[in-house]
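> run-v3.csv is reproduced in full below (CSV, C-alpha atoms and all ligand atoms).
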chain,number,residue,atom,x,y,z
A,1,MET,CA,68.5,46.1,-75.1
A,2,THR,CA,70.1,45.0,-78.3
A,3,ASP,CA,73.8,44.9,-79.3
A,4,VAL,CA,73.1,45.9,-82.8
A,5,LEU,CA,73.7,49.5,-83.6
A,6,VAL,CA,73.3,49.4,-87.4
A,7,ASP,CA,71.0,46.9,-89.1
A,8,VAL,CA,71.2,46.9,-92.9
A,9,ARG,CA,68.4,44.8,-94.4
A,10,GLY,CA,68.2,43.9,-98.1
A,11,VAL,CA,69.6,47.3,-99.1
A,12,LYS,CA,69.8,48.1,-102.8
A,13,VAL,CA,71.0,51.4,-104.3
A,14,HIS,CA,70.5,51.5,-108.0
A,15,PHE,CA,71.5,54.6,-109.9
A,16,PRO,CA,69.6,55.3,-113.1
A,17,ILE,CA,71.6,55.9,-116.3
A,18,LYS,CA,70.1,58.8,-118.1
A,19,ARG,CA,70.3,59.6,-121.8
A,20,GLY,CA,68.5,62.0,-124.1
A,21,VAL,CA,68.9,65.7,-124.8
A,22,ILE,CA,67.6,66.6,-121.4
A,23,PHE,CA,68.6,63.3,-119.7
A,24,ASP,CA,64.9,62.3,-119.6
A,25,LYS,CA,65.4,58.7,-120.7
A,26,THR,CA,66.5,56.0,-118.3
A,27,VAL,CA,68.4,53.5,-120.3
A,28,GLY,CA,69.7,51.2,-117.5
A,29,HIS,CA,70.9,51.2,-114.0
A,30,VAL,CA,74.2,51.0,-112.1
A,31,TYR,CA,73.6,48.3,-109.5
A,32,ALA,CA,76.0,49.9,-107.0
A,33,VAL,CA,74.6,48.1,-104.0
A,34,ASP,CA,72.5,45.1,-104.8
A,35,GLY,CA,71.0,43.4,-101.8
A,36,VAL,CA,73.2,43.7,-98.7
A,37,ASN,CA,72.3,42.5,-95.2
A,38,LEU,CA,74.7,43.3,-92.4
A,39,GLN,CA,74.7,44.3,-88.8
A,40,ILE,CA,77.2,46.4,-87.0
A,41,LEU,CA,77.4,45.7,-83.3
A,42,LYS,CA,77.8,48.4,-80.6
A,43,GLY,CA,81.4,49.1,-79.8
A,44,GLU,CA,82.9,47.1,-82.7
A,45,THR,CA,84.9,48.1,-85.7
A,46,TYR,CA,83.4,46.7,-88.9
A,47,GLY,CA,85.7,46.8,-91.9
A,48,LEU,CA,84.3,46.9,-95.4
A,49,VAL,CA,86.7,45.9,-98.2
A,50,GLY,CA,86.5,45.4,-101.9
A,51,GLU,CA,87.9,46.6,-105.2
A,52,SER,CA,87.2,50.1,-106.5
A,53,GLY,CA,83.6,50.3,-107.8
A,54,CYS,CA,82.2,47.4,-105.8
A,55,GLY,CA,79.8,49.7,-103.9
A,56,LYS,CA,81.6,50.2,-100.5
A,57,SER,CA,81.2,54.0,-100.4
A,58,THR,CA,77.6,53.9,-101.7
A,59,LEU,CA,76.7,51.4,-98.9
A,60,GLY,CA,78.5,53.7,-96.4
A,61,LYS,CA,76.4,56.6,-97.7
A,62,ALA,CA,73.2,54.6,-97.4
A,63,ILE,CA,74.1,54.1,-93.7
A,64,LEU,CA,74.7,57.8,-93.3
A,65,ASN,CA,71.4,58.5,-94.9
A,66,LEU,CA,73.1,60.4,-97.6
A,67,GLU,CA,71.8,58.0,-100.2
A,68,THR,CA,68.3,56.7,-100.2
A,69,PRO,CA,68.1,52.9,-100.7
A,70,THR,CA,66.1,51.9,-103.8
A,71,GLU,CA,65.0,48.9,-101.7
A,72,GLY,CA,65.5,47.7,-98.1
A,73,SER,CA,66.1,49.6,-94.9
A,74,VAL,CA,68.8,50.8,-92.6
A,75,GLU,CA,68.0,50.9,-88.9
A,76,PHE,CA,70.2,52.8,-86.5
A,77,ASP,CA,69.7,52.0,-82.9
A,78,GLY,CA,66.3,50.5,-83.6
A,79,THR,CA,65.0,53.3,-85.8
A,80,ASP,CA,64.6,53.3,-89.6
A,81,ILE,CA,66.6,56.4,-90.6
A,82,ALA,CA,64.9,56.9,-93.9
A,83,ALA,CA,61.6,57.5,-92.1
A,84,LEU,CA,63.0,60.3,-89.9
A,85,LYS,CA,62.3,64.0,-90.5
A,86,GLY,CA,63.1,67.4,-89.0
A,87,LYS,CA,64.4,67.4,-85.4
A,88,GLU,CA,64.5,63.6,-85.1
A,89,LEU,CA,66.6,63.4,-88.3
A,90,ARG,CA,69.0,66.1,-87.0
A,91,ARG,CA,69.4,64.2,-83.7
A,92,LYS,CA,70.3,61.0,-85.6
A,93,ARG,CA,72.7,62.9,-87.8
A,94,GLN,CA,74.5,63.9,-84.7
A,95,ASP,CA,74.9,60.2,-83.7
A,96,ILE,CA,76.5,59.3,-87.1
A,97,GLN,CA,79.6,61.2,-88.1
A,98,MET,CA,82.0,60.8,-91.0
A,99,VAL,CA,85.7,60.9,-91.3
A,100,PHE,CA,86.7,61.5,-94.9
A,101,GLN,CA,89.6,60.2,-97.1
A,102,ASP,CA,91.2,63.5,-97.9
A,103,PRO,CA,91.3,65.9,-95.0
A,104,MET,CA,92.5,68.7,-97.2
A,105,SER,CA,89.4,68.8,-99.3
A,106,SER,CA,87.0,68.1,-96.4
A,107,LEU,CA,88.2,71.0,-94.3
A,108,ASP,CA,87.4,74.5,-95.5
A,109,PRO,CA,90.8,76.3,-95.8
A,110,ARG,CA,89.2,79.6,-94.8
A,111,GLN,CA,88.0,78.4,-91.4
A,112,SER,CA,90.2,78.3,-88.4
A,113,VAL,CA,90.4,75.0,-86.4
A,114,GLU,CA,88.3,76.6,-83.7
A,115,SER,CA,85.6,77.5,-86.3
A,116,LEU,CA,85.8,74.0,-87.9
A,117,LEU,CA,85.4,72.3,-84.6
A,118,THR,CA,82.5,74.5,-83.3
A,119,GLU,CA,80.5,74.5,-86.5
A,120,GLY,CA,78.9,71.1,-85.8
A,121,MET,CA,78.5,71.8,-82.1
A,122,LYS,CA,76.6,75.0,-82.8
A,123,ALA,CA,74.4,73.2,-85.3
A,124,HIS,CA,73.4,70.7,-82.6
A,125,GLY,CA,73.1,73.3,-79.8
A,126,LEU,CA,76.2,72.1,-78.0
A,127,ALA,CA,78.1,75.4,-78.0
A,128,ASP,CA,75.8,77.7,-76.1
A,129,ASP,CA,78.1,78.1,-73.1
A,130,LYS,CA,81.3,79.9,-74.1
A,131,GLU,CA,83.5,78.7,-71.3
A,132,ALA,CA,82.2,75.1,-71.6
A,133,THR,CA,82.8,75.2,-75.3
A,134,ARG,CA,86.4,76.3,-74.9
A,135,LYS,CA,87.0,73.6,-72.4
A,136,ARG,CA,85.5,71.0,-74.8
A,137,LEU,CA,87.7,72.2,-77.6
A,138,ARG,CA,90.8,71.8,-75.6
A,139,GLU,CA,89.7,68.3,-74.6
A,140,LEU,CA,89.0,67.4,-78.2
A,141,LEU,CA,92.4,68.6,-79.3
A,142,SER,CA,94.2,66.8,-76.5
A,143,ALA,CA,92.2,63.6,-77.4
A,144,VAL,CA,93.6,63.7,-80.9
A,145,GLY,CA,97.1,64.7,-79.9
A,146,LEU,CA,97.1,68.4,-80.9
A,147,PRO,CA,98.2,71.4,-78.8
A,148,PRO,CA,95.6,74.1,-77.7
A,149,SER,CA,97.5,76.5,-79.9
A,150,ALA,CA,96.1,74.7,-83.0
A,151,LEU,CA,92.7,76.4,-82.4
A,152,SER,CA,93.8,79.7,-84.0
A,153,LYS,CA,95.5,78.0,-87.0
A,154,TYR,CA,94.2,77.1,-90.4
A,155,PRO,CA,94.2,73.7,-92.2
A,156,HIS,CA,97.1,74.5,-94.5
A,157,GLU,CA,99.4,75.1,-91.5
A,158,PHE,CA,99.2,71.3,-90.6
A,159,SER,CA,100.6,68.2,-92.1
A,160,GLY,CA,98.3,65.5,-93.7
A,161,GLY,CA,98.3,63.4,-90.5
A,162,GLN,CA,97.5,66.4,-88.3
A,163,ARG,CA,94.7,67.5,-90.7
A,164,GLN,CA,93.2,64.0,-90.4
A,165,ARG,CA,93.4,64.4,-86.6
A,166,ILE,CA,91.4,67.7,-87.0
A,167,GLY,CA,88.9,65.8,-89.1
A,168,ILE,CA,88.6,63.2,-86.4
A,169,ALA,CA,88.2,65.9,-83.7
A,170,ARG,CA,85.5,67.5,-85.8
A,171,ALA,CA,83.6,64.2,-86.0
A,172,LEU,CA,84.0,63.7,-82.2
A,173,SER,CA,82.8,67.2,-81.4
A,174,VAL,CA,79.1,66.3,-81.4
A,175,ASN,CA,79.4,63.1,-79.3
A,176,PRO,CA,78.6,60.5,-82.1
A,177,LYS,CA,77.8,56.9,-81.5
A,178,LEU,CA,79.0,55.7,-85.0
A,179,ILE,CA,81.8,57.0,-87.1
A,180,VAL,CA,81.9,56.0,-90.7
A,181,ALA,CA,85.5,56.4,-91.9
A,182,ASP,CA,85.8,56.1,-95.7
A,183,GLU,CA,89.4,55.4,-96.7
A,184,PRO,CA,90.6,57.3,-93.5
A,185,VAL,CA,94.3,56.9,-94.2
A,186,SER,CA,94.7,56.2,-97.9
A,187,ALA,CA,95.7,59.8,-98.6
A,188,LEU,CA,98.4,59.7,-95.9
A,189,ASP,CA,102.0,58.7,-96.0
A,190,VAL,CA,102.5,55.1,-95.0
A,191,SER,CA,104.6,56.2,-91.9
A,192,VAL,CA,101.6,58.3,-90.7
A,193,GLN,CA,98.9,55.8,-91.5
A,194,ALA,CA,99.6,53.6,-88.4
A,195,GLN,CA,99.6,56.6,-86.1
A,196,VAL,CA,96.1,57.6,-87.3
A,197,LEU,CA,94.8,54.1,-87.1
A,198,ASN,CA,96.1,53.7,-83.5
A,199,LEU,CA,94.5,57.0,-82.6
A,200,LEU,CA,91.2,55.8,-83.9
A,201,GLU,CA,91.6,52.7,-81.8
A,202,GLU,CA,92.4,54.7,-78.6
A,203,LEU,CA,89.5,57.0,-79.1
A,204,GLN,CA,87.1,54.1,-79.6
A,205,ASP,CA,87.4,53.1,-75.9
A,206,GLU,CA,87.6,56.6,-74.6
A,207,PHE,CA,84.4,57.8,-76.4
A,208,GLU,CA,82.6,54.4,-76.6
A,209,LEU,CA,82.5,54.6,-80.4
A,210,THR,CA,81.4,52.1,-83.1
A,211,TYR,CA,83.3,52.3,-86.4
A,212,LEU,CA,82.5,51.4,-90.0
A,213,VAL,CA,85.8,51.6,-91.8
A,214,VAL,CA,85.6,51.5,-95.6
A,215,ALA,CA,88.9,50.7,-97.3
A,216,HIS,CA,90.4,49.0,-100.3
A,217,ASP,CA,93.6,48.2,-98.4
A,218,LEU,CA,93.4,44.9,-96.7
A,219,ALA,CA,96.3,45.7,-94.3
A,220,VAL,CA,94.5,48.8,-93.1
A,221,VAL,CA,91.3,46.9,-92.4
A,222,ARG,CA,93.1,44.0,-90.7
A,223,HIS,CA,94.9,46.4,-88.4
A,224,ILE,CA,91.7,48.0,-87.1
A,225,SER,CA,88.7,45.7,-87.5
A,226,ASP,CA,86.9,43.2,-85.3
A,227,ARG,CA,84.9,41.9,-88.2
A,228,ILE,CA,85.3,42.3,-91.9
A,229,GLY,CA,82.8,42.2,-94.8
A,230,VAL,CA,84.1,41.6,-98.3
A,231,MET,CA,82.2,43.2,-101.2
A,232,TYR,CA,82.1,42.2,-104.8
A,233,LEU,CA,79.9,43.9,-107.4
A,234,GLY,CA,77.4,45.4,-105.0
A,235,GLY,CA,77.0,42.4,-102.7
A,236,LEU,CA,78.7,41.0,-99.6
A,237,VAL,CA,80.5,37.8,-100.5
A,238,GLU,CA,82.0,37.0,-97.1
A,239,GLU,CA,81.9,38.2,-93.5
A,240,SER,CA,83.8,37.0,-90.5
A,241,GLU,CA,85.9,37.8,-87.5
A,242,ALA,CA,88.9,39.7,-88.8
A,243,GLY,CA,91.7,37.3,-87.9
A,244,GLU,CA,89.8,34.4,-89.3
A,245,LEU,CA,89.2,36.0,-92.7
A,246,TYR,CA,92.9,36.3,-93.2
A,247,GLU,CA,93.7,32.8,-91.9
A,248,THR,CA,90.7,30.9,-93.5
A,249,PRO,CA,89.2,32.8,-96.4
A,250,LEU,CA,86.4,30.7,-97.8
A,251,HIS,CA,84.9,32.6,-100.7
A,252,PRO,CA,86.9,32.1,-103.9
A,253,TYR,CA,87.1,35.9,-104.3
A,254,THR,CA,88.4,36.4,-100.8
A,255,ARG,CA,90.9,33.6,-101.3
A,256,ALA,CA,92.2,35.4,-104.4
A,257,LEU,CA,92.5,38.7,-102.6
A,258,MET,CA,94.4,37.0,-99.7
A,259,SER,CA,96.7,35.2,-102.1
A,260,ALA,CA,97.7,38.6,-103.5
A,261,VAL,CA,98.7,40.1,-100.1
A,262,PRO,CA,102.5,40.1,-99.9
A,263,VAL,CA,104.1,38.2,-97.0
A,264,PRO,CA,107.6,38.9,-95.8
A,265,ASP,CA,108.7,35.2,-95.5
A,266,PRO,CA,109.6,33.7,-98.9
A,267,ALA,CA,109.1,30.1,-97.5
A,268,VAL,CA,105.5,31.0,-96.5
A,269,GLU,CA,105.1,32.7,-99.9
A,270,ASP,CA,106.1,29.5,-101.7
A,271,GLN,CA,103.5,27.4,-99.9
A,272,ARG,CA,100.7,29.8,-100.3
A,273,GLU,CA,97.7,29.2,-102.5
A,274,GLN,CA,98.1,31.4,-105.5
A,275,ILE,CA,95.0,32.6,-107.3
A,276,LEU,CA,95.4,35.0,-110.1
A,277,LEU,CA,92.1,36.4,-111.0
A,278,MET,CA,91.5,36.3,-114.7
A,279,GLY,CA,88.8,38.0,-116.8
A,280,ASP,CA,87.3,41.4,-116.6
A,281,LEU,CA,85.8,42.9,-113.5
A,282,PRO,CA,82.2,43.1,-114.9
A,283,SER,CA,80.5,46.5,-115.1
A,284,PRO,CA,78.1,47.1,-112.2
A,285,SER,CA,75.6,48.2,-114.9
A,286,LYS,CA,75.7,44.7,-116.4
A,287,PRO,CA,76.4,42.3,-113.6
A,288,PRO,CA,76.6,38.6,-114.4
A,289,THR,CA,73.6,36.4,-113.7
A,290,GLY,CA,73.7,33.9,-110.8
A,291,CYS,CA,76.8,34.3,-108.7
A,292,ARG,CA,78.3,37.7,-109.6
A,293,PHE,CA,81.7,36.1,-109.3
A,294,HIS,CA,81.2,33.1,-111.6
A,295,THR,CA,82.8,34.7,-114.6
A,296,ARG,CA,86.2,34.8,-112.7
A,297,CYS,CA,85.8,31.9,-110.4
A,298,PRO,CA,88.3,29.0,-110.6
A,299,TRP,CA,85.7,26.8,-108.8
A,300,ARG,CA,82.7,27.7,-110.9
A,301,GLN,CA,80.3,24.7,-111.3
A,302,GLU,CA,77.9,24.7,-114.3
A,303,THR,CA,75.2,25.6,-114.3
A,304,ARG,CA,74.2,26.4,-110.7
A,305,CYS,CA,76.7,29.2,-110.3
A,306,ASP,CA,75.6,30.8,-113.6
A,307,ASP,CA,71.9,30.7,-112.7
A,308,GLU,CA,71.4,30.9,-109.0
A,309,ARG,CA,72.6,33.8,-106.9
A,310,PRO,CA,74.0,32.5,-103.6
A,311,GLU,CA,72.8,33.9,-100.4
A,312,LEU,CA,75.2,35.1,-97.7
A,313,ARG,CA,74.9,32.2,-95.3
A,314,VAL,CA,76.5,30.7,-92.2
A,315,VAL,CA,78.8,27.8,-93.1
A,316,GLU,CA,79.6,24.8,-91.0
A,317,ILE,CA,83.2,23.8,-91.6
A,318,ASP,CA,85.5,22.3,-89.0
A,319,GLY,CA,87.6,25.0,-87.3
A,320,VAL,CA,85.5,27.8,-88.7
A,321,THR,CA,83.9,30.2,-86.1
A,322,PRO,CA,80.1,30.2,-85.9
A,323,GLY,CA,78.9,33.3,-87.6
A,324,HIS,CA,81.4,33.1,-90.5
A,325,ARG,CA,79.1,33.8,-93.5
A,326,VAL,CA,79.9,33.1,-97.2
A,327,ALA,CA,77.9,33.7,-100.4
A,328,CYS,CA,79.1,30.6,-102.3
A,329,HIS,CA,77.1,27.5,-103.2
A,330,TRP,CA,80.2,25.3,-102.8
A,331,ALA,CA,82.0,26.8,-99.8
A,332,GLU,CA,82.0,23.6,-97.8
A,333,GLN,CA,83.0,21.4,-100.8
A,334,ILE,CA,85.8,23.8,-101.8
A,335,ALA,CA,87.2,23.9,-98.3
A,336,ALA,CA,87.1,20.0,-98.2
A,337,GLY,CA,88.9,19.9,-101.6
A,338,GLU,CA,85.9,18.1,-103.2
A,339,VAL,CA,85.5,20.6,-106.0
A,340,GLU,CA,88.3,20.8,-108.5
A,341,ARG,CA,89.9,24.1,-109.3
A,342,HIS,CA,90.2,24.9,-113.0
A,343,GLU,CA,91.7,27.5,-115.3
A,344,VAL,CA,89.7,30.6,-116.0
A,345,THR,CA,90.3,32.0,-119.5
A,346,ALA,CA,90.5,35.7,-119.7
A,347,THR,CA,87.9,37.0,-122.1
A,348,MET,CA,87.8,40.5,-123.2
A,349,THR,CA,84.3,41.9,-123.0
A,350,GLU,CA,83.1,45.3,-124.0
A,351,GLN,CA,82.8,47.3,-120.8
A,352,SER,CA,81.4,50.6,-122.0
A,353,GLY,CA,78.9,51.2,-124.8
A,354,PRO,CA,76.8,54.2,-125.4
A,355,ASP,CA,74.3,53.2,-122.8
A,356,GLU,CA,76.8,52.6,-120.0
A,357,VAL,CA,78.7,54.4,-117.4
A,358,ASP,CA,82.4,54.4,-118.2
A,359,ASP,CA,84.1,52.7,-115.3
A,360,GLY,CA,87.6,53.3,-116.6
A,361,PRO,CA,89.9,50.8,-118.4
A,362,PRO,CA,88.9,47.1,-118.2
A,363,GLN,CA,90.8,45.2,-115.6
A,364,TYR,CA,92.1,41.7,-116.2
A,365,PHE,CA,93.8,40.9,-112.9
A,366,VAL,CA,92.9,41.9,-109.3
A,367,ASP,CA,95.8,43.8,-107.8
A,368,PRO,CA,96.5,43.2,-104.1
A,369,LEU,CA,93.9,45.5,-102.6
A,401,LIG,N1,75.7,59.1,-107.9
A,401,LIG,C1,76.0,58.1,-108.7
A,401,LIG,N2,75.5,58.0,-109.9
A,401,LIG,C2,75.7,57.0,-110.8
A,401,LIG,N3,76.6,56.0,-110.5
A,401,LIG,C3,77.2,56.0,-109.3
A,401,LIG,C4,77.0,57.1,-108.3
A,401,LIG,N4,77.8,56.9,-107.2
A,401,LIG,C5,78.5,55.7,-107.5
A,401,LIG,N5,78.2,55.2,-108.7
A,401,LIG,C6,78.7,54.0,-109.3
A,401,LIG,O1,78.4,53.0,-108.4
A,401,LIG,C7,79.4,52.0,-108.4
A,401,LIG,C8,79.9,51.8,-107.0
A,401,LIG,O2,80.5,53.0,-106.6
A,401,LIG,P1,81.2,53.2,-105.1
A,401,LIG,O3,81.8,54.6,-105.1
A,401,LIG,O4,80.2,52.9,-104.1
A,401,LIG,O5,82.3,52.1,-105.1
A,401,LIG,P2,83.6,51.9,-104.1
A,401,LIG,O6,83.7,50.5,-103.9
A,401,LIG,O7,83.4,52.8,-103.0
A,401,LIG,O8,84.7,52.4,-105.1
A,401,LIG,P3,85.9,53.5,-104.8
A,401,LIG,O9,86.8,52.8,-103.8
A,401,LIG,O10,86.5,53.7,-106.1
A,401,LIG,O11,85.1,54.7,-104.3
A,401,LIG,C9,80.5,52.5,-109.4
A,401,LIG,O12,80.4,51.9,-110.6
A,401,LIG,C10,80.2,54.0,-109.4
A,401,LIG,O13,80.6,54.5,-110.7
Let's see the structure in the file written out as structure tokens.


Amino acid sequence: MTDVLVDVRGVKVHFPIKRGVIFDKTVGHVYAVDGVNLQILKGETYGLVGESGCGKSTLGKAILNLETPTEGSVEFDGTDIAALKGKELRRKRQDIQMVFQDPMSSLDPRQSVESLLTEGMKAHGLADDKEATRKRLRELLSAVGLPPSALSKYPHEFSGGQRQRIGIARALSVNPKLIVADEPVSALDVSVQAQVLNLLEELQDEFELTYLVVAHDLAVVRHISDRIGVMYLGGLVEESEAGELYETPLHPYTRALMSAVPVPDPAVEDQREQILLMGDLPSPSKPPTGCRFHTRCPWRQETRCDDERPELRVVEIDGVTPGHRVACHWAEQIAAGEVERHEVTATMTEQSGPDEVDDGPPQYFVDPL
């Protein structure tokens, strides 16, 4: 009996960039996910953070089997999900459900709540007995804090937070083992966000769920996660127990993210390490050689960082929990103050040419996520 529910091994998802009159020429690739290894343990909440475009959602989709990896494999409960077909695939799909960012666009406005909640149950043969189904629907609504009268209503009759509760009830309706929540609260008012996150936490115990929460907001992920993985340009750069990541970030990119999180106490703020990231966020269609972060890293060491891509590896540093993994050649030396920090000059590089995907305006600083 293993504790691992999801085992992601060497997963790459590369999207071809097509050109030509009938888009028949491949002129390059977007390296959306480029070699990720991670494991999600049964019963835990794994938070995946990173800037927009770093590949979080694509990795989530690969885990949901909505995107086929170019390389590598995703095992769910010991089974390679890409190899499943027909009935077996449907059975696994039932085990993995999704909660979407925007409940308004993920819920069909023409369907009543009853119809929305029974749709998945019917597809998986869980709604054959009418009386049992009605009982189950009432239980689901009560679990997410909605009254039985909600069943006959339509999505537009609810607030954003209530709609997300319906989305969560819908995911729960087929008794999943894993819920992938992609930006589950980013479309909600701040006052409602904590309520929905607390609800997800309560339901985790009640329904013995495992969560993968994908979010760009570090506060959201901190609130809910047991462990956190930080992504940068298609790769995991750091992974650790949640509290430790905030207390002792080791990868230069994570350190920069943490230094940008506002803290209420000005005295603490004054003493904090400040790292303002300079330079463009490179395009995932033209990632830098070596360490993907070397173009923006204040601790970059020539020429190893430019040439050799660091593996995500367990580091041995005093006070750091075993299992804390970092993809940096110099993590130990940086932590010991043995590598000097230097200025990074912002250089403007052309982000989009005729052969590239336009990733929006170039970015010169990393905002607090
Ligand atoms: N189907 C696709 N075809 C081509 N490129 C894609 C496709 N899906 C995603 N991408 C590209 O892959 C990169 C990673 O996208 P992804 O949505 O996984 O990032 P993300 O970190 O989830 O960002 P966001 O928070 O903005 O959704 C981006 O550059 C995106 O434009």

> Could you give me, as a count of residues only, every polymer residue with an atom at most 10 Å away from an atom of ligand LIG 401 (chain A), counting all atoms listed in the file?

45

> Please report the interatomic distance between CA of Glu273 (chain A) and CA of Tyr46 (chain A) in Å with one decimal.

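Value for the CA of Glu273 (chain A)-CA of Tyr46 (chain A) distance: 26.4 Å.
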
> Which residues are near Pro148 (chain A)? Cut-off 10 Å, all atoms listed in the file, ignore same chain within fewer than 5 positions. Put them as a list in words.

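Residues near the query, excluding close chain neighbours: Glu114, Arg134, Leu137, Arg138, Glu139, Leu140, Leu141 and Ser142 of chain A.
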
> In terms of the shortest atom-to-atom distance over only C-alpha atoms, which of A:Val344, A:Met278, A:Leu38, A:Leu188 is closest to Ser240 (chain A)?

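Once distances to Ser240 (chain A) are computed over only C-alpha atoms, the minimum belongs to A:Leu38.
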
> In Å to one decimal, how far is CA of Thr45 (chain A) from CA of Lys122 (chain A)?

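Answer for the CA of Lys122 (chain A) to CA of Thr45 (chain A) separation: 28.3 Å.
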
> I'd like to know which of A:Ser149, A:Leu5, A:Asp129, A:Asp226 is closest to Asp80 (chain A), using only C-alpha atoms.

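Looking only at the distances to Asp80 (chain A), the closest residue turns out to be A:Leu5.
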
> Please report the interatomic distance between CA of Leu107 (chain A) and CA of Gly160 (chain A) in Å with one decimal.

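These atoms are spaced 11.5 Å apart.
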
> Check which residues of region 164-266 of chain A sit at most 12 Å from region 297-306 of chain A using only C-alpha atoms, and return one row each with the closest pair of atoms and their distance in Å to one decimal, ordered by chain and rising number, as JSON lines.


{"residue": "A:Leu250", "atom": "CA", "partner": "A:Trp299", "partner_atom": "CA", "distance": 11.7}
{"residue": "A:His251", "atom": "CA", "partner": "A:Cys297", "partner_atom": "CA", "distance": 9.8}
{"residue": "A:Pro252", "atom": "CA", "partner": "A:Cys297", "partner_atom": "CA", "distance": 6.6}
{"residue": "A:Tyr253", "atom": "CA", "partner": "A:Cys297", "partner_atom": "CA", "distance": 7.4}
{"residue": "A:Thr254", "atom": "CA", "partner": "A:Cys297", "partner_atom": "CA", "distance": 10.9}
{"residue": "A:Arg255", "atom": "CA", "partner": "A:Cys297", "partner_atom": "CA", "distance": 10.6}
{"residue": "A:Ala256", "atom": "CA", "partner": "A:Cys297", "partner_atom": "CA", "distance": 9.4}

> Near Ala83 (chain A), within 10 Å and counting only C-alpha atoms, which residues show up once chain neighbours fewer than 6 positions away are dropped, as a VMD selection string?

chain A and resid 73 to 75 89

> Kindly indicate which residue among A:Lys12, A:Lys85, A:Arg90, A:Arg136 lies nearest to Asp34 (chain A), using all atoms listed in the file for the distances.

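Smallest separation from Asp34 (chain A) among the options: A:Lys12.
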
> Fewer than 2 positions away in the same chain doesn't count, so skip those; otherwise give me all residues within 12 Å of Asp189 (chain A), counting only C-alpha atoms, as a ChimeraX atom specification.

/A:102,159-162,164,184-187,191-196

> Which of these residues is nearest to Val237 (chain A), using all atoms listed in the file: A:Ile22, A:Ala331, A:Ile224, A:Leu172?

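Smallest separation from Val237 (chain A) among the options: A:Ala331.
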
> When distances are computed from all atoms listed in the file, which of A:Met258, A:Leu84, A:Cys328, A:Leu126 shows the smallest separation from Arg292 (chain A)?

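Closest to Arg292 (chain A), using all atoms listed in the file: A:Cys328.
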
> May I have the residues within 9 Å of Thr118 (chain A) as a ChimeraX atom specification, using all atoms listed in the file and disregarding those fewer than 2 positions away in the same chain?

/A:113-116,120-123,126-127,133,137,170,173

> Name the closest residue to Glu239 (chain A) among the candidates A:Arg313, A:His329, A:Lys87, A:Lys286; distances are taken between atoms, counting all atoms listed in the file.

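Of all the options, A:Arg313 lies closest to Glu239 (chain A).
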
> Please provide the set of residues having any atom within 9 Å of Val339 (chain A), restricted to all atoms listed in the file, with same-chain residues fewer than 3 positions apart removed, written as a ChimeraX atom specification.

/A:299,301,330,333-336

> So which residues fall inside 7 Å of (88.4, 50.9, -87.7) if we count all atoms listed in the file? Mind giving them as a ChimeraX atom specification?

/A:45-47,200-201,211-213,221,224-225
